[in-house]
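S.K.: So that we are looking at the same thing, I have put the structure below in structure tokens.
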Amino acid sequence: MTRTFRLAFKAVIILIAALAAVLIASIILWMIGADVGATFYTICIVPLTNTLHITEVLIRAIPLCIIALGITVAYRSGIINIGAEGQMAIGILAFTGVALAFPSVPRPLLLPIALLAAVIGGGLWGFIPGILKARLNVSELLSTVMLNYIAAQFYSLCLRTIYLDPAEQGLGAAGTPQSMRLTENVWLGRMSGRLHYGLLFALVLAALIFFLMWKTTLGFRMRASGSEARAARYGGINVAFYVTLAMVISGAFSGLAGGIEIAGVHRRAIEGVTNNYGFSGVVVALFGGLHPFGIIPASFFFGLLIYGATLAPSKVGVPANIVQVMQGVIIIVIVTAQMVLSNAYFQDRVWRKISSLRKKEA
Amino acid sequence: MEGKIRELRMEHITKRFPGVLASDDISISVGEGEVLALVGENGAGKTTLMNILMGLYQPDEGRILINGSEVRFRGPEDAFKAGLGMVHQQYMLVQNMTVTENIALGYKKAWKPMRLSLSEVRSRVVEISEKYSLSVNPDAYIWQLSVGEQQRVELVKTLCLGARFLILDEPTSALTPQETDELIALLKNMTDELSIIFISHKLQEVKAISNKVAILRHGKVVFSGNTDDHSSQDIAAMMTGHSIELPKNLDKNDSGDTVLSIRDLVVMSDRKTVALDHLSLDIKAGEIVGLAGVSGNGQRELSEAINGLRRVESGSISFFGKEIANFTPRQVIDEGMGYIPEERNTEGIVPAFSIRENFILKDASNPEFSSRSILKKKDIDDYSEKLVKEFDVRCPDIQTAAGSLSGGNIQKVILAREIERKPRFLIAVYPTRGLDLGAVEFIHQQLLAIRREGIGVLLISEELDEIMDLSDRIAVIYKGSIQKVLDHDEATRARLGVLMAGVKEE
């Protein structure tokens, strides 16, 4: 089997998968009577046509990337974190709380402290399912989902009570549940449009996670615990400790993503600001192969889809929900293609068929 | 019921896998009432050939003939219909279902519309088990059964589904010596009605049961003929390509100090029953103590308790004079304990980790392999290359996932790690289970070598030959305590067998 064949095989499979995804999505669009070509153009191409659009894509990619990195740490350590949504909300609350409490502390001090608070808040929200799993073997799927509910309600409660913007107070139930605009001392600077320096955070954190997981003894032990807990225990690794630690790190990343999102984009806590990033982050992490260098392009791709979905209703009159359906289709098809790619046996059969055809020709 | 299978032939079977020729122009035939032993080392292609016969794989070339006419099996269903039945090495039973329910899964005749007639299945099970004197309790849950009993369930299942031709893939690899003898007697009885292909690399069994033998090596039949015309030694030599003489422990040693002293150890099993009942045992430096016993009598719990993987309820474990009962696994490792665990695939290695990562599983923090928590790639690579060479681990390179290696090579990886750590003591649990002769020879040599260096070894095994070849003293474990400790010279197979069965000697 030659190298060229392997590459060609991969390229063909990816191409087929992409075509299949486009075909299925087209059928859905056609059924609702939308202009198929224009919709695809709006979702996939328009967001890349000018700087403003690209910055908007990147803004969405930043939290996705950071959350996915955290989920990778957990997943590789044998615990599946689907509580990123809640951890992010708690991170935002912690960040906002610090900003509201100390508005006059100068920026070089307040911004790091507020971000640290977001890290601690998210980390704490990750610690709970982590320790429950490690000590009492409570399923993390159960505990993280339940903690998501608690966090969402708590978030909502805070925004309607202690965090509520005084300007909204007079409006009673009609007001938007949001905090007042935060002090400039917790703002992250912007590079272009709304694109903020969180982008650098995301890239640096990706490198950091790669280093942590694959180059240090800590990462080695976490991966051993996740890959085969029994062997890790045999090898003298305190599996319970590393599982908890991984969950804390994972939660901390989600919390940080929340803090950065507020500091860079919204500059106040608003209801619904977590925007399902916590769940999309799981998909991004898996899509990126649970590896930082895969997560960077994966988060850009998902940022593109999410932003494209916001454009579709106004430009071509396709509801955003349909775009989400299309996203689902694309994900399933591509994941299937990945499975095919990893089947060495199938690849070998294709290779032999091709080489026997060649022999006949010759 | 269709007619008997008078003759089964596989002709010129060739099968390729990515990078390997698993079957290379193989032809075999089995006649009515015959037992064909298919022997060969691990990886010789025995299981692949049988999977082709059962329709699990399609051959690239060649054909299968039953009673002279060609058949094509697209899947196991087709093979069942033709009357073939296979008992796999790993039993395919659902643990939390009863025997009857397990058999009902495949017994389509009892599947009525919207309803499953369990009573019909049950009576069929009883009928078959009486006919072939395979005693099974149809209402027992699988998890309640011993390995030997589970195997009988597999046999009954296969026969219930109408098999008139049996394929048994290493049926004795998990059985105790007694269970093995029983199985062989059973199979002999069954040849009145059935033909059998018996896959094995244990030559005593091959001699005991088969009429014909086919020897596979590297995917080719290197020999086939009548079993009686050839000695075990001849067959072994043809199997491995060279003659093998397993090493023996001959020089007697009783001068060492006691290094591991276990007193009145009480440990619970996973099901919270008493697994070790006031067990006491002493082992000296530079001796191998073989722990003989039918598996399930507390061997696993003993090795886990010593290594900090299972709680000690009471009693003491003194290691070089230090009390180590209820230490953490890390602390026990740091005391210099080496441990080759029973489950080599899931405990001895992290299967998804590369060979090099598995070599440093216990030592990531050792200054040799990391400084300030950062792994030293170069040093780990050099160390791994050295070990792979020294212990002859056959692998493409040190980045290969350890779980993708053969059993023998996985065991070499574990052995290399444990021995190269320079332990003060070694516990080896079933170190050669399921391995071929070449690998067994290598592992026995290594165990004897570290013994000569003055290291004490606790060898837990169910192979009496292994224990008698290697041990200075032999302790027999029964129901969680030591029946008796014999000197090497006092031990005979018969005497050990009696002790293992729980009979007290006066």
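Letters A, B, ... mark the chains of the structure tokens in the order given; residue numbers begin at 1 per chain; ligand numbers begin at 1, in order shown.
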Check the DSSP output for the backbone and give back, as a ChimeraX atom specification, the residues of range 61-206 of chain A in alpha helix (DSSP H).
M.R.: /A:61-76,84-101,107-136,140-160,166-169,198-206
S.K.: May I have the residues within 8 Å of Asp277 in chain B as a ChimeraX atom specification, using only C-alpha atoms and disregarding those fewer than 3 positions away in the same chain?
M.R.: /B:264-267,274,479-481
S.K.: Counting only C-alpha atoms, what are the residues of chain A within 9 Å of chain B, and for each of them which pair of atoms is the nearest and at what distance in Å, to one decimal? Sort the table by chain and rising number, as CSV.
M.R.:
```
residue,atom,partner,partner_atom,distance
A:Met1,CA,B:Gly19,CA,9.0
A:Leu212,CA,B:Ile374,CA,8.8
A:Trp214,CA,B:Leu375,CA,8.6
A:Lys215,CA,B:Leu375,CA,5.6
A:Thr216,CA,B:Ile374,CA,4.3
A:Thr217,CA,B:Ser373,CA,5.2
A:Leu218,CA,B:Ser373,CA,6.9
A:Phe220,CA,B:Ala364,CA,7.7
A:Arg221,CA,B:Ala364,CA,8.2
A:Arg223,CA,B:Phe353,CA,8.8
A:Ala224,CA,B:Val350,CA,6.7
A:Ser225,CA,B:Val350,CA,8.9
A:Ser227,CA,B:Val350,CA,6.6
A:Glu228,CA,B:Val350,CA,5.5
A:Ala229,CA,B:Val350,CA,8.3
A:Arg230,CA,B:Glu347,CA,5.4
A:Ala231,CA,B:Glu347,CA,3.9
A:Ala232,CA,B:Val350,CA,7.3
A:Arg233,CA,B:Pro329,CA,7.1
A:Tyr234,CA,B:Glu347,CA,6.4
A:Gly235,CA,B:Lys362,CA,4.8
A:Gly236,CA,B:Arg330,CA,4.0
A:Ile237,CA,B:Arg330,CA,6.8
A:Asn238,CA,B:Arg330,CA,8.1
A:Ala344,CA,B:Pro18,CA,6.9
A:Tyr345,CA,B:Pro18,CA,6.3
A:Gln347,CA,B:Pro18,CA,8.5
A:Asp348,CA,B:Pro18,CA,5.7
A:Arg349,CA,B:Pro18,CA,8.5
```
S.K.: Could you save those same residues with C-alpha atoms as a JSON list (two decimals), in the first residue's frame?
M.R.:
```json
[["chain", "number", "residue", "atom", "x", "y", "z"],
["A", 1, "MET", "CA", 0.00, 0.00, 0.00],
["A", 212, "LEU", "CA", 0.24, 19.28, 29.87],
["A", 214, "TRP", "CA", 1.44, 14.74, 26.38],
["A", 215, "LYS", "CA", 4.65, 16.10, 27.82],
["A", 216, "THR", "CA", 4.27, 16.02, 31.59],
["A", 217, "THR", "CA", 3.98, 13.30, 34.20],
["A", 218, "LEU", "CA", 0.70, 14.82, 35.33],
["A", 220, "PHE", "CA", 0.66, 10.94, 31.60],
["A", 221, "ARG", "CA", -1.08, 9.88, 34.79],
["A", 223, "ARG", "CA", -4.33, 9.77, 30.42],
["A", 224, "ALA", "CA", -3.42, 6.44, 32.02],
["A", 225, "SER", "CA", -6.33, 6.79, 34.45],
["A", 227, "SER", "CA", -7.45, 4.94, 29.22],
["A", 228, "GLU", "CA", -7.49, 1.96, 31.59],
["A", 229, "ALA", "CA", -8.21, 2.80, 35.20],
["A", 230, "ARG", "CA", -7.38, -0.70, 36.37],
["A", 231, "ALA", "CA", -3.91, -0.67, 34.89],
["A", 232, "ALA", "CA", -3.34, 2.84, 36.23],
["A", 233, "ARG", "CA", -4.24, 1.71, 39.73],
["A", 234, "TYR", "CA", -1.93, -1.25, 39.35],
["A", 235, "GLY", "CA", 0.80, 1.16, 38.27],
["A", 236, "GLY", "CA", 0.52, 3.09, 41.52],
["A", 237, "ILE", "CA", -1.51, 5.96, 40.11],
["A", 238, "ASN", "CA", -4.13, 7.46, 42.40],
["A", 344, "ALA", "CA", -7.81, -0.53, 8.02],
["A", 345, "TYR", "CA", -9.49, -3.66, 6.72],
["A", 347, "GLN", "CA", -8.83, 0.29, 3.14],
["A", 348, "ASP", "CA", -6.86, -2.87, 2.43],
["A", 349, "ARG", "CA", -9.70, -4.34, 0.39]]
```
S.K.: From the options A:Ile62, A:Ile306, A:Ile54, A:Ile270, which residue's atoms come nearest to Tyr197 in chain A, counting only C-alpha atoms?
M.R.: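 Result for the nearest residue to Tyr197 in chain A: A:Ile62.
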S.K.: Measuring atom to atom with only C-alpha atoms, identify which of B:Glu463, B:Asp436, B:Glu368, B:Glu34 is nearest to Asn189 in chain B.
M.R.: B:Glu34
S.K.: So which one's closest to Gly121 in chain A, A:Ala362, A:Val46, A:Ala257, A:Cys158? Using only C-alpha atoms, please.
M.R.: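 Once distances to Gly121 in chain A are computed over only C-alpha atoms, the minimum belongs to A:Ala257.
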S.K.: Any chance you could list, as a PyMOL selection string, the residues in range 172-321 of chain A that come up strand (DSSP E) when DSSP is run on the backbone?
M.R.: chain A and resi 190-192+195-196
S.K.: Tell me, in Å to one decimal, how far CA of Gly298 in chain B is from CA of Ser269 in chain B.
M.R.: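 Distance between the two atoms: 8.1 Å.
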S.K.: May I have the residues within 9 Å of Thr172 in chain B as a PyMOL selection string, using only C-alpha atoms and disregarding those fewer than 2 positions away in the same chain?
M.R.: chain B and resi 89+148+169-170+174-177+179-180+183+200+202+205
S.K.: Have a look at A:Thr55, A:Gln338, A:Asn137, A:Asn321 and name the one nearest to Phe300 in chain A; count only C-alpha atoms.
M.R.: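 Result for the nearest residue to Phe300 in chain A: A:Thr55.
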S.K.: Skipping near chain neighbours, those fewer than 3 positions away, what residues fall within 12 Å of Ile150 in chain A using only C-alpha atoms, listed as a PyMOL selection string?
M.R.: chain A and resi 83+85-87+89-90+125+143-147+153-157
S.K.: Just write the chosen residues, N, CA and C atoms, as a PDB file, in the first residue's frame.
M.R.:
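That gives us part_35.pdb:
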```pdb
ATOM      1  N   GLY A  83     -21.173  19.015  31.541  1.00  0.00           N
ATOM      2  CA  GLY A  83     -21.649  20.082  32.409  1.00  0.00           C
ATOM      3  C   GLY A  83     -20.999  21.417  32.107  1.00  0.00           C
ATOM      4  N   GLU A  85     -21.824  23.754  30.182  1.00  0.00           N
ATOM      5  CA  GLU A  85     -22.795  24.857  30.128  1.00  0.00           C
ATOM      6  C   GLU A  85     -22.981  25.473  31.528  1.00  0.00           C
ATOM      7  N   GLY A  86     -23.145  24.606  32.521  1.00  0.00           N
ATOM      8  CA  GLY A  86     -23.324  25.086  33.890  1.00  0.00           C
ATOM      9  C   GLY A  86     -22.049  25.696  34.444  1.00  0.00           C
ATOM     10  N   GLN A  87     -20.916  25.049  34.145  1.00  0.00           N
ATOM     11  CA  GLN A  87     -19.642  25.568  34.648  1.00  0.00           C
ATOM     12  C   GLN A  87     -19.364  26.948  34.067  1.00  0.00           C
ATOM     13  N   ALA A  89     -21.673  29.124  33.171  1.00  0.00           N
ATOM     14  CA  ALA A  89     -22.585  30.073  33.819  1.00  0.00           C
ATOM     15  C   ALA A  89     -22.037  30.492  35.185  1.00  0.00           C
ATOM     16  N   ILE A  90     -21.531  29.518  35.931  1.00  0.00           N
ATOM     17  CA  ILE A  90     -20.981  29.845  37.246  1.00  0.00           C
ATOM     18  C   ILE A  90     -19.743  30.730  37.091  1.00  0.00           C
ATOM     19  N   TRP A 125     -17.470  24.073  40.142  1.00  0.00           N
ATOM     20  CA  TRP A 125     -18.631  23.385  39.562  1.00  0.00           C
ATOM     21  C   TRP A 125     -18.202  22.066  38.887  1.00  0.00           C
ATOM     22  N   SER A 143     -24.704  13.668  37.221  1.00  0.00           N
ATOM     23  CA  SER A 143     -24.412  14.816  38.078  1.00  0.00           C
ATOM     24  C   SER A 143     -24.155  16.082  37.269  1.00  0.00           C
ATOM     25  N   THR A 144     -23.467  15.972  36.129  1.00  0.00           N
ATOM     26  CA  THR A 144     -23.187  17.197  35.377  1.00  0.00           C
ATOM     27  C   THR A 144     -24.465  17.775  34.780  1.00  0.00           C
ATOM     28  N   VAL A 145     -25.339  16.912  34.294  1.00  0.00           N
ATOM     29  CA  VAL A 145     -26.585  17.429  33.721  1.00  0.00           C
ATOM     30  C   VAL A 145     -27.423  18.117  34.798  1.00  0.00           C
ATOM     31  N   MET A 146     -27.499  17.480  35.971  1.00  0.00           N
ATOM     32  CA  MET A 146     -28.283  18.079  37.049  1.00  0.00           C
ATOM     33  C   MET A 146     -27.657  19.396  37.498  1.00  0.00           C
ATOM     34  N   LEU A 147     -26.323  19.431  37.558  1.00  0.00           N
ATOM     35  CA  LEU A 147     -25.664  20.673  37.948  1.00  0.00           C
ATOM     36  C   LEU A 147     -25.872  21.765  36.901  1.00  0.00           C
ATOM     37  N   GLN A 153     -30.556  27.882  36.749  1.00  0.00           N
ATOM     38  CA  GLN A 153     -31.545  28.568  37.585  1.00  0.00           C
ATOM     39  C   GLN A 153     -30.885  29.582  38.513  1.00  0.00           C
ATOM     40  N   PHE A 154     -29.732  29.204  39.038  1.00  0.00           N
ATOM     41  CA  PHE A 154     -29.016  30.101  39.934  1.00  0.00           C
ATOM     42  C   PHE A 154     -28.577  31.361  39.176  1.00  0.00           C
ATOM     43  N   TYR A 155     -28.111  31.142  37.960  1.00  0.00           N
ATOM     44  CA  TYR A 155     -27.682  32.240  37.093  1.00  0.00           C
ATOM     45  C   TYR A 155     -28.847  33.215  36.869  1.00  0.00           C
ATOM     46  N   SER A 156     -29.971  32.603  36.526  1.00  0.00           N
ATOM     47  CA  SER A 156     -31.174  33.385  36.253  1.00  0.00           C
ATOM     48  C   SER A 156     -31.599  34.173  37.499  1.00  0.00           C
ATOM     49  N   LEU A 157     -31.541  33.486  38.654  1.00  0.00           N
ATOM     50  CA  LEU A 157     -31.924  34.119  39.918  1.00  0.00           C
ATOM     51  C   LEU A 157     -31.041  35.324  40.202  1.00  0.00           C
TER      52      LEU A 157
END
```
S.K.: Excluding range 64-68 of chain B and its own-chain neighbours fewer than 4 positions away, which residues fall within 6 Å of it when counting only C-alpha atoms? Please give them as a compact mmCIF listing (two decimals) with C-alpha atoms, in the first residue's frame.
M.R.:
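result39.txt was written with the following content:
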```txt
# COMPACT_ATOMS: atom_id res chain seq x y z
CA ARG B 6 -19.43 -37.45 6.75
CA GLU B 7 -16.62 -35.35 5.44
CA LEU B 8 -15.59 -31.73 5.69
CA ARG B 9 -12.80 -30.36 3.56
CA MET B 10 -11.21 -26.96 3.30
```
S.K.: So how far away is CA of Gly278 in chain A from CA of Leu64 in chain A, in Å?
M.R.: 7.6 Å
S.K.: Got a sec: who's within 12 Å of Gly328 in chain A, counting only C-alpha atoms, leaving out chain neighbours fewer than 3 positions off, as a list of chain:residue names?
M.R.: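 Result of the neighbour search: A:Ala21, A:Val22, A:Ile24, A:Ala25, A:Ile28, A:Ser280, A:Val283, A:Phe302, A:Leu305, A:Ile306, A:Asn321, A:Ile322, A:Val323, A:Gln324, A:Val325, A:Ile331, A:Ile332, A:Val333, A:Ile334, A:Val335.
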S.K.: Output the selection as a JSON list (two decimals), in the first residue's frame - C-alpha atoms for each residue.
M.R.:
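Final file, out-v3.json:
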```json
[["chain", "number", "residue", "atom", "x", "y", "z"],
["A", 21, "ALA", "CA", -23.79, 15.85, 3.84],
["A", 22, "VAL", "CA", -24.51, 18.52, 1.26],
["A", 24, "ILE", "CA", -28.94, 15.39, 2.61],
["A", 25, "ALA", "CA", -28.96, 19.00, 3.76],
["A", 28, "ILE", "CA", -34.10, 19.15, 3.76],
["A", 280, "SER", "CA", -21.35, 22.50, 21.25],
["A", 283, "VAL", "CA", -19.02, 18.14, 19.76],
["A", 302, "PHE", "CA", -18.33, 25.34, 14.29],
["A", 305, "LEU", "CA", -21.78, 27.22, 11.27],
["A", 306, "ILE", "CA", -23.15, 29.04, 14.31],
["A", 321, "ASN", "CA", -33.59, 25.99, 13.46],
["A", 322, "ILE", "CA", -33.30, 24.43, 10.03],
["A", 323, "VAL", "CA", -29.68, 25.44, 9.96],
["A", 324, "GLN", "CA", -29.24, 23.56, 13.22],
["A", 325, "VAL", "CA", -30.81, 20.50, 11.64],
["A", 331, "ILE", "CA", -21.81, 16.16, 12.06],
["A", 332, "ILE", "CA", -23.29, 12.68, 11.78],
["A", 333, "VAL", "CA", -22.03, 12.22, 8.23],
["A", 334, "ILE", "CA", -18.53, 13.38, 9.03],
["A", 335, "VAL", "CA", -18.28, 11.25, 12.15]]
```
S.K.: Using only C-alpha atoms, determine which residues lie at most 10 Å from range 312-318 of chain B, disregarding the query and same-chain residues fewer than 3 positions distant; provide the list as a count of residues only.
M.R.: 33
S.K.: Hey, which of B:Asn42, B:Gln446, B:Thr98, B:Ser133 ends up closest to Val121 in chain B? Count only C-alpha atoms.
M.R.: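 Nearest to Val121 in chain B: B:Thr98.
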S.K.: How far is it from CA of Leu464 in chain B to CA of Lys248 in chain B, in Å with one decimal?
M.R.: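 It comes out at 13.1 Å.
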S.K.: Which is closer to Val273 in chain A than all the others in A:Leu100, A:Leu93, A:Val105, A:Leu141, using only C-alpha atoms?
M.R.: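 The answer is A:Leu93, which sits nearest to Val273 in chain A.
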